[in-house]
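Next comes query.cif, a file with mmCIF, N, CA and C atoms.
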data_start
loop_
_atom_site.label_atom_id
_atom_site.label_comp_id
_atom_site.auth_asym_id
_atom_site.auth_seq_id
_atom_site.Cartn_x
_atom_site.Cartn_y
_atom_site.Cartn_z
N MET A 868 -52.16 7.60 -66.88
CA MET A 868 -50.77 7.85 -66.62
C MET A 868 -50.58 8.71 -65.38
N ALA A 869 -51.49 9.67 -65.25
CA ALA A 869 -51.40 10.56 -64.11
C ALA A 869 -51.58 9.78 -62.83
N SER A 870 -52.46 8.78 -62.87
CA SER A 870 -52.66 8.00 -61.66
C SER A 870 -51.45 7.15 -61.36
N GLN A 871 -50.74 6.69 -62.41
CA GLN A 871 -49.51 5.91 -62.18
C GLN A 871 -48.44 6.80 -61.57
N THR A 872 -48.31 8.01 -62.09
CA THR A 872 -47.31 8.93 -61.57
C THR A 872 -47.66 9.28 -60.13
N GLN A 873 -48.97 9.47 -59.90
CA GLN A 873 -49.39 9.79 -58.55
C GLN A 873 -49.13 8.60 -57.62
N GLY A 874 -49.35 7.39 -58.07
CA GLY A 874 -49.10 6.19 -57.28
C GLY A 874 -47.61 6.03 -56.98
N ILE A 875 -46.79 6.34 -58.00
CA ILE A 875 -45.33 6.26 -57.81
C ILE A 875 -44.90 7.31 -56.79
N GLN A 876 -45.48 8.51 -56.91
CA GLN A 876 -45.14 9.58 -55.96
C GLN A 876 -45.53 9.16 -54.53
N GLN A 877 -46.70 8.54 -54.40
CA GLN A 877 -47.14 8.09 -53.07
C GLN A 877 -46.20 7.01 -52.54
N LEU A 878 -45.78 6.10 -53.42
CA LEU A 878 -44.84 5.05 -53.00
C LEU A 878 -43.50 5.66 -52.57
N LEU A 879 -43.01 6.64 -53.32
CA LEU A 879 -41.75 7.29 -52.97
C LEU A 879 -41.86 8.03 -51.65
N GLN A 880 -43.02 8.72 -51.46
CA GLN A 880 -43.23 9.42 -50.20
C GLN A 880 -43.34 8.42 -49.05
N ALA A 881 -44.00 7.32 -49.26
CA ALA A 881 -44.13 6.29 -48.21
C ALA A 881 -42.76 5.70 -47.90
N GLU A 882 -41.97 5.45 -48.94
CA GLU A 882 -40.62 4.92 -48.74
C GLU A 882 -39.76 5.92 -47.97
N LYS A 883 -39.93 7.21 -48.31
CA LYS A 883 -39.17 8.27 -47.63
C LYS A 883 -39.57 8.33 -46.15
N ARG A 884 -40.89 8.27 -45.87
CA ARG A 884 -41.35 8.27 -44.47
C ARG A 884 -40.83 7.05 -43.73
N ALA A 885 -40.86 5.91 -44.40
CA ALA A 885 -40.37 4.68 -43.76
C ALA A 885 -38.88 4.80 -43.45
N ALA A 886 -38.10 5.39 -44.38
CA ALA A 886 -36.67 5.57 -44.16
C ALA A 886 -36.44 6.54 -43.01
N GLU A 887 -37.28 7.59 -42.92
CA GLU A 887 -37.16 8.53 -41.81
C GLU A 887 -37.47 7.85 -40.48
N LYS A 888 -38.54 7.01 -40.49
CA LYS A 888 -38.89 6.29 -39.26
C LYS A 888 -37.77 5.34 -38.84
N VAL A 889 -37.18 4.65 -39.80
CA VAL A 889 -36.08 3.73 -39.51
C VAL A 889 -34.89 4.52 -38.95
N ALA A 890 -34.59 5.67 -39.57
CA ALA A 890 -33.48 6.49 -39.10
C ALA A 890 -33.76 7.01 -37.68
N GLU A 891 -35.00 7.43 -37.44
CA GLU A 891 -35.36 7.91 -36.11
C GLU A 891 -35.28 6.76 -35.09
N ALA A 892 -35.70 5.56 -35.48
CA ALA A 892 -35.60 4.40 -34.58
C ALA A 892 -34.14 4.09 -34.27
N ARG A 893 -33.28 4.19 -35.27
CA ARG A 893 -31.85 3.95 -35.05
C ARG A 893 -31.26 4.99 -34.10
N LYS A 894 -31.69 6.25 -34.26
CA LYS A 894 -31.21 7.31 -33.37
C LYS A 894 -31.67 7.05 -31.94
N ARG A 895 -32.95 6.66 -31.78
CA ARG A 895 -33.46 6.35 -30.43
C ARG A 895 -32.69 5.18 -29.82
N LYS A 896 -32.43 4.17 -30.64
CA LYS A 896 -31.68 3.00 -30.16
C LYS A 896 -30.27 3.42 -29.74
N ALA A 897 -29.62 4.26 -30.53
CA ALA A 897 -28.27 4.74 -30.21
C ALA A 897 -28.29 5.54 -28.91
N ARG A 898 -29.35 6.40 -28.75
CA ARG A 898 -29.46 7.18 -27.51
C ARG A 898 -29.66 6.26 -26.30
N ARG A 899 -30.53 5.24 -26.47
CA ARG A 899 -30.76 4.30 -25.36
C ARG A 899 -29.49 3.55 -25.00
N LEU A 900 -28.74 3.13 -26.01
CA LEU A 900 -27.48 2.42 -25.75
C LEU A 900 -26.48 3.34 -25.05
N LYS A 901 -26.41 4.58 -25.51
CA LYS A 901 -25.50 5.54 -24.90
C LYS A 901 -25.89 5.79 -23.45
N GLN A 902 -27.20 5.95 -23.20
CA GLN A 902 -27.68 6.19 -21.85
C GLN A 902 -27.40 4.97 -20.96
N ALA A 903 -27.65 3.77 -21.49
CA ALA A 903 -27.38 2.55 -20.72
C ALA A 903 -25.89 2.43 -20.41
N LYS A 904 -25.07 2.78 -21.37
CA LYS A 904 -23.63 2.73 -21.16
C LYS A 904 -23.21 3.72 -20.07
N GLU A 905 -23.76 4.94 -20.10
CA GLU A 905 -23.42 5.93 -19.08
C GLU A 905 -23.89 5.48 -17.70
N GLU A 906 -25.09 4.89 -17.63
CA GLU A 906 -25.60 4.39 -16.35
C GLU A 906 -24.71 3.27 -15.82
N ALA A 907 -24.30 2.38 -16.73
CA ALA A 907 -23.42 1.27 -16.32
C ALA A 907 -22.08 1.82 -15.83
N GLN A 908 -21.54 2.83 -16.51
CA GLN A 908 -20.27 3.43 -16.08
C GLN A 908 -20.42 4.06 -14.70
N ALA A 909 -21.56 4.76 -14.49
CA ALA A 909 -21.79 5.38 -13.18
C ALA A 909 -21.90 4.31 -12.09
N GLU A 910 -22.58 3.22 -12.40
CA GLU A 910 -22.73 2.13 -11.43
C GLU A 910 -21.38 1.47 -11.14
N ILE A 911 -20.59 1.29 -12.18
CA ILE A 911 -19.25 0.70 -12.00
C ILE A 911 -18.39 1.61 -11.15
N GLU A 912 -18.44 2.90 -11.43
CA GLU A 912 -17.64 3.86 -10.66
C GLU A 912 -18.07 3.89 -9.20
N GLN A 913 -19.38 3.84 -8.96
CA GLN A 913 -19.88 3.82 -7.59
C GLN A 913 -19.41 2.55 -6.87
N TYR A 914 -19.49 1.41 -7.54
CA TYR A 914 -19.03 0.15 -6.95
C TYR A 914 -17.53 0.21 -6.66
N ARG A 915 -16.77 0.76 -7.61
CA ARG A 915 -15.33 0.87 -7.42
C ARG A 915 -15.01 1.76 -6.22
N LEU A 916 -15.72 2.86 -6.08
CA LEU A 916 -15.50 3.75 -4.94
C LEU A 916 -15.84 3.07 -3.61
N GLU A 917 -16.92 2.30 -3.59
CA GLU A 917 -17.28 1.56 -2.38
C GLU A 917 -16.19 0.57 -2.01
N ARG A 918 -15.73 -0.19 -3.00
CA ARG A 918 -14.69 -1.19 -2.74
C ARG A 918 -13.39 -0.51 -2.30
N GLU A 919 -13.06 0.61 -2.91
CA GLU A 919 -11.85 1.35 -2.54
C GLU A 919 -11.95 1.84 -1.09
N LYS A 920 -13.14 2.31 -0.73
CA LYS A 920 -13.36 2.78 0.64
C LYS A 920 -13.20 1.63 1.63
N GLU A 921 -13.78 0.47 1.31
CA GLU A 921 -13.63 -0.71 2.17
C GLU A 921 -12.16 -1.10 2.29
N PHE A 922 -11.46 -1.08 1.17
CA PHE A 922 -10.04 -1.43 1.18
C PHE A 922 -9.25 -0.47 2.05
N GLN A 923 -9.53 0.82 1.92
CA GLN A 923 -8.82 1.82 2.72
C GLN A 923 -9.08 1.60 4.21
N GLN A 924 -10.33 1.27 4.56
CA GLN A 924 -10.65 1.02 5.96
C GLN A 924 -9.90 -0.20 6.48
N LYS A 925 -9.90 -1.28 5.70
CA LYS A 925 -9.18 -2.49 6.13
C LYS A 925 -7.68 -2.23 6.21
N GLN A 926 -7.17 -1.50 5.24
CA GLN A 926 -5.75 -1.19 5.24
C GLN A 926 -5.39 -0.32 6.44
N GLN A 927 -6.23 0.65 6.74
CA GLN A 927 -5.99 1.53 7.88
C GLN A 927 -6.02 0.73 9.18
N ALA A 928 -6.98 -0.21 9.27
CA ALA A 928 -7.06 -1.04 10.47
C ALA A 928 -5.81 -1.90 10.61
N ALA A 929 -5.37 -2.47 9.49
CA ALA A 929 -4.17 -3.33 9.54
C ALA A 929 -2.92 -2.50 9.82
N LEU A 930 -2.78 -1.39 9.13
CA LEU A 930 -1.59 -0.57 9.33
C LEU A 930 -1.62 0.13 10.68
N GLY A 931 -2.82 0.44 11.15
CA GLY A 931 -2.92 1.06 12.46
C GLY A 931 -2.41 0.13 13.54
N SER A 932 -2.78 -1.14 13.44
CA SER A 932 -2.29 -2.08 14.43
C SER A 932 -0.79 -2.32 14.25
N GLN A 933 -0.33 -2.32 13.01
CA GLN A 933 1.11 -2.47 12.78
C GLN A 933 1.85 -1.24 13.27
N GLY A 934 1.25 -0.09 13.10
CA GLY A 934 1.87 1.14 13.58
C GLY A 934 2.01 1.10 15.09
N ASN A 935 0.98 0.60 15.78
CA ASN A 935 1.05 0.46 17.23
C ASN A 935 2.13 -0.54 17.62
N LEU A 936 2.19 -1.66 16.89
CA LEU A 936 3.22 -2.66 17.18
C LEU A 936 4.60 -2.07 16.95
N SER A 937 4.74 -1.33 15.89
CA SER A 937 6.03 -0.72 15.58
C SER A 937 6.44 0.24 16.68
N ALA A 938 5.51 1.07 17.13
CA ALA A 938 5.82 2.02 18.21
C ALA A 938 6.15 1.27 19.50
N GLU A 939 5.43 0.19 19.75
CA GLU A 939 5.67 -0.60 20.96
C GLU A 939 7.06 -1.24 20.92
N VAL A 940 7.42 -1.82 19.78
CA VAL A 940 8.74 -2.44 19.64
C VAL A 940 9.83 -1.38 19.78
N GLU A 941 9.61 -0.23 19.19
CA GLU A 941 10.61 0.84 19.28
C GLU A 941 10.78 1.29 20.73
N ALA A 942 9.67 1.42 21.45
CA ALA A 942 9.75 1.83 22.86
C ALA A 942 10.50 0.79 23.69
N GLN A 943 10.22 -0.49 23.45
CA GLN A 943 10.92 -1.56 24.18
C GLN A 943 12.41 -1.54 23.85
N THR A 944 12.73 -1.32 22.59
CA THR A 944 14.14 -1.28 22.18
C THR A 944 14.86 -0.13 22.88
N ARG A 945 14.22 1.03 22.91
CA ARG A 945 14.85 2.18 23.60
C ARG A 945 15.05 1.88 25.08
N LYS A 946 14.06 1.26 25.70
CA LYS A 946 14.15 0.93 27.12
C LYS A 946 15.32 -0.03 27.38
N LYS A 947 15.43 -1.07 26.55
CA LYS A 947 16.52 -2.03 26.71
C LYS A 947 17.87 -1.36 26.47
N LEU A 948 17.93 -0.50 25.46
CA LEU A 948 19.18 0.19 25.15
C LEU A 948 19.60 1.09 26.31
N GLN A 949 18.64 1.79 26.91
CA GLN A 949 18.95 2.63 28.05
C GLN A 949 19.42 1.79 29.24
N ALA A 950 18.80 0.63 29.44
CA ALA A 950 19.21 -0.25 30.53
C ALA A 950 20.64 -0.74 30.30
N MET A 951 20.95 -1.10 29.06
CA MET A 951 22.31 -1.55 28.75
C MET A 951 23.32 -0.44 28.95
N GLN A 952 22.98 0.75 28.50
CA GLN A 952 23.90 1.87 28.67
C GLN A 952 24.08 2.20 30.14
N GLY A 953 23.01 2.12 30.92
CA GLY A 953 23.12 2.38 32.36
C GLY A 953 23.98 1.32 33.03
N GLY A 954 23.79 0.05 32.67
CA GLY A 954 24.62 -1.02 33.22
C GLY A 954 26.07 -0.87 32.82
N GLN A 955 26.30 -0.47 31.62
CA GLN A 955 27.67 -0.26 31.15
C GLN A 955 28.32 0.89 31.92
N ALA A 956 27.56 1.95 32.15
CA ALA A 956 28.12 3.09 32.87
C ALA A 956 28.43 2.71 34.32
N ARG A 957 27.55 1.90 34.94
CA ARG A 957 27.79 1.49 36.33
C ARG A 957 28.99 0.56 36.44
N GLY A 958 29.11 -0.35 35.48
CA GLY A 958 30.21 -1.32 35.57
C GLY A 958 31.53 -0.79 35.03
N LYS A 959 31.51 0.30 34.33
CA LYS A 959 32.71 0.83 33.70
C LYS A 959 33.78 1.19 34.73
N ASP A 960 33.41 1.91 35.78
CA ASP A 960 34.39 2.30 36.80
C ASP A 960 34.98 1.08 37.50
N ARG A 961 34.13 0.12 37.82
CA ARG A 961 34.59 -1.08 38.51
C ARG A 961 35.58 -1.85 37.64
N VAL A 962 35.26 -2.01 36.37
CA VAL A 962 36.14 -2.75 35.45
C VAL A 962 37.45 -2.00 35.26
N LEU A 963 37.40 -0.69 35.11
CA LEU A 963 38.63 0.09 34.96
C LEU A 963 39.52 -0.05 36.20
N ARG A 964 38.91 0.00 37.38
CA ARG A 964 39.71 -0.17 38.61
C ARG A 964 40.35 -1.55 38.66
N GLN A 965 39.62 -2.56 38.30
CA GLN A 965 40.19 -3.92 38.30
C GLN A 965 41.34 -4.02 37.30
N LEU A 966 41.16 -3.49 36.11
CA LEU A 966 42.24 -3.53 35.11
C LEU A 966 43.48 -2.78 35.57
N LEU A 967 43.26 -1.59 36.11
CA LEU A 967 44.40 -0.80 36.58
C LEU A 967 45.09 -1.49 37.75
N THR A 968 44.34 -2.12 38.63
CA THR A 968 44.94 -2.84 39.75
C THR A 968 45.81 -3.98 39.24
N ILE A 969 45.32 -4.70 38.27
CA ILE A 969 46.09 -5.82 37.70
C ILE A 969 47.34 -5.29 37.00
N VAL A 970 47.21 -4.22 36.25
CA VAL A 970 48.36 -3.68 35.52
C VAL A 970 49.39 -3.10 36.48
N TRP A 971 48.96 -2.41 37.51
CA TRP A 971 49.89 -1.76 38.43
C TRP A 971 50.50 -2.73 39.43
N ASP A 972 49.83 -3.81 39.71
CA ASP A 972 50.32 -4.77 40.71
C ASP A 972 51.22 -5.78 40.01
N VAL A 973 52.47 -5.41 39.85
CA VAL A 973 53.42 -6.27 39.15
C VAL A 973 54.18 -7.07 40.20
N ARG A 974 54.12 -8.36 40.12
CA ARG A 974 54.87 -9.24 41.03
C ARG A 974 55.91 -9.97 40.20
N PRO A 975 57.15 -9.63 40.37
CA PRO A 975 58.18 -10.31 39.59
C PRO A 975 58.35 -11.75 40.09
N GLN A 976 58.30 -12.70 39.19
CA GLN A 976 58.52 -14.10 39.53
C GLN A 976 58.99 -14.83 38.28
N MET A 977 59.60 -15.94 38.49
CA MET A 977 60.15 -16.73 37.40
C MET A 977 59.04 -17.51 36.72
N HIS A 978 59.20 -17.60 35.46
CA HIS A 978 58.23 -18.38 34.69
C HIS A 978 58.44 -19.85 34.99
N PRO A 979 57.40 -20.65 35.11
CA PRO A 979 57.57 -22.05 35.47
C PRO A 979 58.39 -22.86 34.45
N ASN A 980 58.46 -22.45 33.23
CA ASN A 980 59.21 -23.17 32.22
C ASN A 980 60.68 -22.76 32.15
N TYR A 981 61.02 -21.74 32.90
CA TYR A 981 62.40 -21.26 32.86
C TYR A 981 63.29 -22.22 33.62
N ARG A 982 64.44 -22.61 33.01
CA ARG A 982 65.41 -23.50 33.66
C ARG A 982 66.74 -22.79 33.75
N LEU A 983 67.34 -22.94 34.85
CA LEU A 983 68.67 -22.36 35.02
C LEU A 983 69.68 -23.21 34.24
N ALA A 984 70.50 -22.55 33.51
CA ALA A 984 71.53 -23.27 32.77
C ALA A 984 72.70 -23.55 33.68
N VAL A 985 73.08 -24.75 33.87
CA VAL A 985 74.20 -25.11 34.76
C VAL A 985 75.36 -25.56 33.96
#
Starting from the file, lay out its structure as structure tokens.
Amino acid sequence: MASQTQGIQQLLQAEKRAAEKVAEARKRKARRLKQAKEEAQAEIEQYRLEREKEFQQKQQAALGSQGNLSAEVEAQTRKKLQAMQGGQARGKDRVLRQLLTIVWDVRPQMHPNYRLAV
């Protein structure tokens, strides 16, 4: 009987060691999965940062050229506006003189449709 009890005790101890080994294996597996997940997250973040940097560079290049175009168009617009204002200022006196000459030079004459009533 003692040998049976001893055999049962050995089996229980072996089962306990096996359960501990299985639990330790599960813990190692969980740690490996967690580590792999963290490495994948770090790799994803690095890739995202690289792509973001490329995007920013392309965007800066595109907007930089648009910014230059915008400044160029604005400069041309100002130049044309100044030319128009200068032309208007030069022609203003001449036009005013012509208008005043026409208004002041009144020549009384009969309208061609006017008929004398007889």
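You will find atom C of A:Ala885 at 17.0 Å from atom CA of A:Ala897.
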> So what do you get for atom C of A:Tyr914 versus atom N of A:Arg899, distance-wise?
Replying inline: 24.2 Å
>> Please compute the atom CA of A:Glu887-atom CA of A:Gln902 distance, one decimal, in Å.
In response: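 Separating atom CA of A:Glu887 from atom CA of A:Gln902 is a distance of 22.2 Å.
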